[in-house]
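J.: One file: data-v3.cif (mmCIF, C-alpha atoms).
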```cif
data_coords
#
loop_
_atom_site.label_atom_id
_atom_site.label_comp_id
_atom_site.auth_asym_id
_atom_site.auth_seq_id
_atom_site.Cartn_x
_atom_site.Cartn_y
_atom_site.Cartn_z
CA LEU T 203 -32.21 4.75 89.57
CA ALA T 204 -33.08 7.49 92.06
CA LEU T 205 -31.85 7.27 95.65
CA ASP T 206 -33.46 9.63 98.17
CA VAL T 207 -31.79 11.25 101.18
CA PRO T 208 -33.08 11.04 103.85
CA GLY T 209 -35.94 8.92 102.50
CA ASP T 210 -33.91 5.87 101.48
CA PHE T 211 -30.61 6.65 103.19
CA ALA T 212 -29.81 8.63 106.33
CA THR T 213 -26.80 10.42 104.82
CA ILE T 214 -25.53 11.44 101.41
CA GLN T 215 -22.42 9.27 101.64
CA GLU T 216 -24.53 6.19 102.43
CA ALA T 217 -26.39 6.75 99.17
CA ILE T 218 -23.16 7.36 97.26
CA ASP T 219 -21.66 4.14 98.57
CA VAL T 220 -24.38 1.95 97.04
CA ALA T 221 -25.04 3.98 93.88
CA CYS T 222 -24.25 2.72 90.38
CA PRO T 223 -23.07 4.83 87.43
CA ALA T 224 -25.75 7.22 86.13
CA ASP T 225 -27.85 6.98 89.31
CA THR T 226 -29.31 10.18 90.75
CA ILE T 227 -29.03 10.91 94.46
CA ARG T 228 -31.87 13.26 95.40
CA VAL T 229 -31.13 15.20 98.56
CA ALA T 230 -34.18 16.77 100.18
CA ALA T 231 -34.36 20.41 101.17
CA GLY T 232 -33.01 21.07 104.63
CA ASN T 233 -29.75 21.41 106.52
CA HIS T 234 -27.48 18.40 106.07
CA SER T 235 -24.57 18.17 108.51
CA GLY T 236 -22.53 15.72 110.52
CA PRO T 237 -20.54 12.64 109.47
CA GLY T 238 -21.77 11.25 106.17
CA ASN T 239 -22.81 14.69 104.95
CA ARG T 240 -19.33 16.12 104.48
CA MET T 241 -16.09 14.87 102.91
CA LEU T 242 -18.36 13.27 100.31
CA ASP T 243 -16.45 11.18 97.76
CA PRO T 244 -18.07 9.45 94.76
CA GLY T 245 -14.99 7.25 94.40
CA GLY T 246 -14.89 7.53 90.63
CA VAL T 247 -18.54 6.58 90.06
CA ASP T 248 -20.27 9.11 87.79
CA LEU T 249 -23.45 10.20 89.57
CA VAL T 250 -25.90 13.06 89.67
CA ILE T 251 -26.10 14.52 93.18
CA LEU T 252 -29.12 16.81 93.18
CA GLY T 253 -30.33 19.16 95.88
CA THR T 254 -34.07 19.09 95.30
CA GLY T 255 -34.62 22.36 97.16
CA GLY T 256 -31.99 24.20 95.11
CA PRO T 257 -29.24 26.23 96.75
CA ALA T 258 -31.78 28.29 98.69
CA GLY T 259 -33.18 25.20 100.38
CA THR T 260 -30.60 22.40 100.29
CA ILE T 261 -27.66 23.23 102.53
CA ILE T 262 -24.57 21.24 103.39
CA ASP T 263 -23.10 22.63 106.61
CA CYS T 264 -19.62 21.23 107.14
CA GLU T 265 -19.59 22.63 110.68
CA GLY T 266 -15.94 23.64 110.31
CA SER T 267 -14.86 20.00 109.91
CA GLY T 268 -13.35 19.36 106.50
CA PRO T 269 -14.42 19.88 102.90
CA ALA T 270 -17.86 19.10 101.51
CA PHE T 271 -16.95 17.20 98.33
CA LEU T 272 -13.84 15.38 97.10
CA PHE T 273 -13.65 14.55 93.39
CA GLN T 274 -10.33 12.74 93.16
CA SER T 275 -10.88 9.45 91.35
CA GLY T 276 -11.24 10.45 87.71
CA GLU T 277 -14.88 11.52 87.77
CA THR T 278 -16.04 12.92 84.41
CA ALA T 279 -18.57 15.57 83.40
CA ALA T 280 -21.21 12.86 83.89
CA THR T 281 -20.69 13.51 87.61
CA VAL T 282 -23.01 16.41 88.31
CA LEU T 283 -23.34 18.37 91.56
CA ASP T 284 -26.47 20.51 91.28
CA GLY T 285 -28.51 22.67 93.61
CA PHE T 286 -26.62 23.04 96.90
CA THR T 287 -25.37 25.71 99.23
CA ILE T 288 -22.09 24.60 100.78
CA HIS T 289 -21.29 26.45 103.96
CA ASN T 290 -18.70 26.49 106.72
CA ALA T 291 -16.14 24.09 105.22
CA SER T 292 -12.74 24.15 106.89
CA SER T 293 -10.13 22.40 104.79
CA GLY T 294 -6.44 21.64 105.08
CA ALA T 295 -3.63 22.20 102.60
CA GLY T 296 -4.52 21.14 99.07
CA GLN T 297 -8.26 21.22 99.71
CA GLY T 298 -11.22 23.55 99.45
CA ALA T 299 -14.93 23.25 100.18
CA ILE T 300 -15.02 21.43 96.84
CA THR T 301 -11.75 19.68 96.05
CA VAL T 302 -10.97 18.44 92.55
CA VAL T 303 -7.85 16.37 91.90
CA GLY T 304 -7.44 15.09 88.36
CA ALA T 305 -11.18 14.93 87.75
CA ALA T 306 -13.76 16.77 85.66
CA PRO T 307 -17.10 17.07 87.48
CA LEU T 308 -19.83 19.49 86.48
CA ILE T 309 -20.75 21.84 89.35
CA ARG T 310 -23.99 23.63 88.56
CA ASN T 311 -26.42 25.92 90.38
CA CYS T 312 -24.46 25.92 93.63
CA ALA T 313 -23.40 28.51 96.20
CA ILE T 314 -20.21 28.18 98.24
CA THR T 315 -19.86 30.55 101.14
CA GLY T 316 -18.35 31.01 104.58
CA SER T 317 -15.55 28.49 104.05
CA HIS T 318 -11.81 28.66 104.63
CA SER T 319 -8.59 26.83 103.80
CA PRO T 320 -4.96 27.75 103.06
CA SER T 321 -5.69 28.00 99.31
CA GLY T 322 -8.82 27.78 97.20
CA ALA T 323 -11.22 28.07 100.08
CA ALA T 324 -14.28 27.48 97.91
CA LEU T 325 -12.83 25.46 95.02
CA HIS T 326 -9.35 23.93 94.97
CA VAL T 327 -8.44 22.31 91.65
CA ASP T 328 -5.25 20.31 91.11
CA GLY T 329 -5.35 18.83 87.61
CA GLY T 330 -8.40 17.80 85.65
CA ALA T 331 -11.03 19.86 83.85
CA PRO T 332 -13.98 20.75 86.08
CA ILE T 333 -16.88 22.84 84.83
CA VAL T 334 -18.68 25.43 86.97
CA GLU T 335 -22.01 26.83 85.76
CA SER T 336 -24.58 29.23 87.24
CA SER T 337 -22.95 29.30 90.67
CA THR T 338 -21.91 31.87 93.26
CA ILE T 339 -18.68 31.81 95.24
CA SER T 340 -18.61 34.46 97.93
CA ALA T 341 -17.40 35.35 101.43
CA ASN T 342 -14.72 32.65 101.65
CA PHE T 343 -11.23 33.10 103.10
CA ALA T 344 -7.87 31.59 102.19
CA SER T 345 -5.02 32.18 104.62
CA GLU T 346 -2.61 32.04 101.67
CA ARG T 347 -3.90 32.34 98.07
CA GLY T 348 -7.14 32.05 96.17
CA GLY T 349 -9.94 33.11 98.44
CA GLY T 350 -12.46 31.89 95.88
CA LEU T 351 -10.67 29.63 93.40
CA TYR T 352 -7.20 28.08 93.29
CA VAL T 353 -6.29 26.26 90.10
CA THR T 354 -3.03 24.37 89.63
CA GLY T 355 -1.50 21.18 88.24
CA GLY T 356 -2.17 21.88 84.55
CA ALA T 357 -5.92 22.01 85.12
CA THR T 358 -8.43 23.77 82.89
CA LEU T 359 -11.44 25.34 84.55
CA ASP T 360 -14.50 26.16 82.44
CA PHE T 361 -16.33 28.81 84.44
CA SER T 362 -19.57 30.32 83.09
CA GLY T 363 -22.73 32.04 84.22
CA SER T 364 -21.22 32.48 87.67
CA ILE T 365 -19.93 35.10 90.11
CA VAL T 366 -16.86 35.13 92.34
CA SER T 367 -17.05 38.02 94.76
CA GLY T 368 -16.31 39.18 98.28
CA ASN T 369 -13.67 36.55 99.04
CA CYS T 370 -10.43 37.23 100.91
CA ALA T 371 -6.89 35.86 100.78
CA GLY T 372 -3.88 36.56 102.94
CA MET T 373 -1.18 36.42 100.25
CA GLY T 374 -2.83 37.26 96.94
CA GLY T 375 -5.46 36.20 94.46
CA THR T 376 -8.36 37.43 96.54
CA GLN T 377 -10.89 35.97 94.11
CA VAL T 378 -8.83 33.64 91.90
CA TRP T 379 -5.23 32.40 91.89
CA THR T 380 -3.70 30.20 89.21
CA ASP T 381 -0.34 28.47 89.29
CA ALA T 382 1.86 26.60 86.78
CA THR T 383 0.43 25.92 83.31
CA VAL T 384 -3.22 26.67 83.95
CA SER T 385 -5.93 28.52 82.09
CA PHE T 386 -9.06 30.00 83.57
CA THR T 387 -11.42 31.03 80.79
CA CYS T 388 -14.67 32.95 81.06
CA SER T 389 -16.64 35.82 79.70
CA ALA T 390 -16.04 38.35 82.45
CA VAL T 391 -17.07 41.84 83.42
CA ASP T 392 -15.30 43.24 86.45
CA SER T 393 -15.01 46.64 88.07
CA THR T 394 -11.80 47.42 86.15
CA GLY T 395 -13.90 47.46 82.98
CA VAL T 396 -12.50 44.27 81.50
CA VAL T 397 -15.06 42.64 79.24
CA GLY T 398 -14.76 39.00 78.22
CA PRO T 399 -13.99 36.61 76.85
CA VAL T 400 -10.94 36.73 79.06
CA ARG T 401 -8.31 34.08 79.62
CA TYR T 402 -6.35 34.13 82.85
CA LEU T 403 -3.07 32.26 82.49
CA ALA T 404 -0.30 30.98 84.74
CA ASP T 405 0.59 32.98 87.82
CA ASP T 406 -2.36 35.33 87.48
CA GLU T 407 -3.84 36.81 90.59
CA ILE T 408 -7.35 38.24 90.36
CA ASP T 409 -7.89 40.65 93.19
CA ASP T 410 -10.79 42.55 91.69
CA PRO T 411 -13.72 42.79 94.10
CA GLU T 412 -15.91 40.80 91.69
CA VAL T 413 -15.51 38.60 88.64
CA ARG T 414 -18.79 38.02 86.88
CA ALA T 415 -19.06 35.42 84.14
CA PRO T 416 -22.36 35.87 82.32
#
```
In structure tokens, write the structure found in this file.

T.:
Amino acid sequence: LALDVPGDFATIQEAIDVACPADTIRVAAGNHSGPGNRMLDPGGVDLVILGTGGPAGTIIDCEGSGPAFLFQSGETAATVLDGFTIHNASSGAGQGAITVVGAAPLIRNCAITGSHSPSGAALHVDGGAPIVESSTISANFASERGGGLYVTGGATLDFSGSIVSGNCAGMGGTQVWTDATVSFTCSAVDSTGVVGPVRYLADDEIDDPEVRAP
């Protein structure tokens, strides 16, 4: 079943709240902001959330008020987030613009920019096995670690076809920071000349200006 925003529902969360497993929420091109269009939580229901205008046209503006998406109820790779720009998220400790806690969503064809938090300003992962494909993470700021990505809690992040660049962090891991028993695996080419496949393990800090995963 396809649920259209704003055609059928005024906000994305309204559509999520009535959706059944395997439904597709189609979000029209435009700027989506305000309550109901941030801090979006599927609540463990595996859905496809599709920006029909792609990242160039379908924008979630968090307006500096919290993260955009929370995947924290065991969502699997059947939960797909596809075709959004996420901008201006402002998250607290343990959160990023996209927050994954013990879940494994597929994040595809997205751009995350202009967001900030203490750690993992764009993507904060604590446990689980999320997948990121064909996405760009840039110009985000963490006051502590992981300007782009912060991965902890024994998580595994599968990161491909994507770029992490131009992010900043106050205490290390400008682009990526991993903690505890974590692996971050990709095929990478960065300005130090490292060519993938590369595996970044526990306590790695990636401060290179760009990590590109073709």

J.: Can you list, as a count of residues only, the residues that the PyMOL selection byres ((chain T and resi 232) around 6) selects here?

T.: 4

J.: Which distance in Å separates CA of Ser367 (chain T) and CA of Leu351 (chain T), to one decimal?

T.: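 Interatomic distance here is 10.6 Å.
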
J.: Output the residue selection produced by the PyMOL selection byres ((chain T and resi 369) around 9) on the file above, formatted as a ChimeraX atom specification.

T.: /T:315,323,339-344,348-350,366-368,370-371,376-377,411-412

J.: Let me see the file: selected residues, C-alpha atoms, as a PDB file, in the frame of the given file.

T.:
```pdb
ATOM      1  CA  THR T 315     -19.860  30.550 101.140  1.00  0.00           C
ATOM      2  CA  ALA T 323     -11.220  28.070 100.080  1.00  0.00           C
ATOM      3  CA  ILE T 339     -18.680  31.810  95.240  1.00  0.00           C
ATOM      4  CA  SER T 340     -18.610  34.460  97.930  1.00  0.00           C
ATOM      5  CA  ALA T 341     -17.400  35.350 101.430  1.00  0.00           C
ATOM      6  CA  ASN T 342     -14.720  32.650 101.650  1.00  0.00           C
ATOM      7  CA  PHE T 343     -11.230  33.100 103.100  1.00  0.00           C
ATOM      8  CA  ALA T 344      -7.870  31.590 102.190  1.00  0.00           C
ATOM      9  CA  GLY T 348      -7.140  32.050  96.170  1.00  0.00           C
ATOM     10  CA  GLY T 349      -9.940  33.110  98.440  1.00  0.00           C
ATOM     11  CA  GLY T 350     -12.460  31.890  95.880  1.00  0.00           C
ATOM     12  CA  VAL T 366     -16.860  35.130  92.340  1.00  0.00           C
ATOM     13  CA  SER T 367     -17.050  38.020  94.760  1.00  0.00           C
ATOM     14  CA  GLY T 368     -16.310  39.180  98.280  1.00  0.00           C
ATOM     15  CA  CYS T 370     -10.430  37.230 100.910  1.00  0.00           C
ATOM     16  CA  ALA T 371      -6.890  35.860 100.780  1.00  0.00           C
ATOM     17  CA  THR T 376      -8.360  37.430  96.540  1.00  0.00           C
ATOM     18  CA  GLN T 377     -10.890  35.970  94.110  1.00  0.00           C
ATOM     19  CA  PRO T 411     -13.720  42.790  94.100  1.00  0.00           C
ATOM     20  CA  GLU T 412     -15.910  40.800  91.690  1.00  0.00           C
TER      21      GLU T 412
END
```

J.: I'd like the interatomic distance between CA of Leu252 (chain T) and CA of Gly322 (chain T), to a tenth of an Å.

T.: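 Here the two named atoms are 23.4 Å from each other.
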
J.: When you draw a straight line from CA of Ala313 (chain T) to CA of Ala224 (chain T), how long is it in Å?

T.: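 Pair CA of Ala313 (chain T) / CA of Ala224 (chain T) returns 23.7 Å.
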
J.: Smallest atom-to-atom distance to Thr281 (chain T): which of T:Gly316, T:Gly238, T:Pro332, T:Gly294, using all atoms listed in the file?

T.: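 Closest to Thr281 (chain T), using all atoms listed in the file: T:Pro332.
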
J.: Out of T:Gly372, T:Asp225, T:Ala230, T:Gly356, which residue has the shortest atom-to-atom distance to Ala212 (chain T) when counting only C-alpha atoms?

T.: T:Ala230

J.: Between T:Val250, T:Ala306, T:Val334, T:Ala258, which has the minimum distance to Thr287 (chain T) (counting all atoms listed in the file)?

T.: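 Looking only at the distances to Thr287 (chain T), the closest residue turns out to be T:Ala258.
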
J.: Excluding Gly296 (chain T) and its own-chain neighbours fewer than 3 positions away, which residues fall within 8 Å of it when counting only C-alpha atoms? Please give them as a PyMOL selection string.

T.: chain T and resi 301+320-321+326

J.: For the file shown, what are the residues hit by the PyMOL selection byres ((chain T and resi 234) around 12), laid out as a VMD selection string?

T.: chain T and resid 207 to 208 212 to 215 229 to 233 235 to 240 242 253 259 to 265 270 286 to 290

J.: Pick out the closest residue to Leu272 (chain T) from this set: T:Cys222, T:Val303, T:Ile314, T:Ala357. Count all atoms listed in the file.

T.: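 Closest residue, counting all atoms listed in the file: T:Val303.
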
J.: Starting from 3 Å padding per side, set up an axis-aligned box that covers all listed atoms of region 345-357 of chain T and hand over centre and edge lengths in Å, one decimal, as AutoDock Vina command-line options.

T.:
```
--center_x -7.0 --center_y 27.1 --center_z 94.6 --size_x 17.0 --size_y 17.9 --size_z 26.1
```
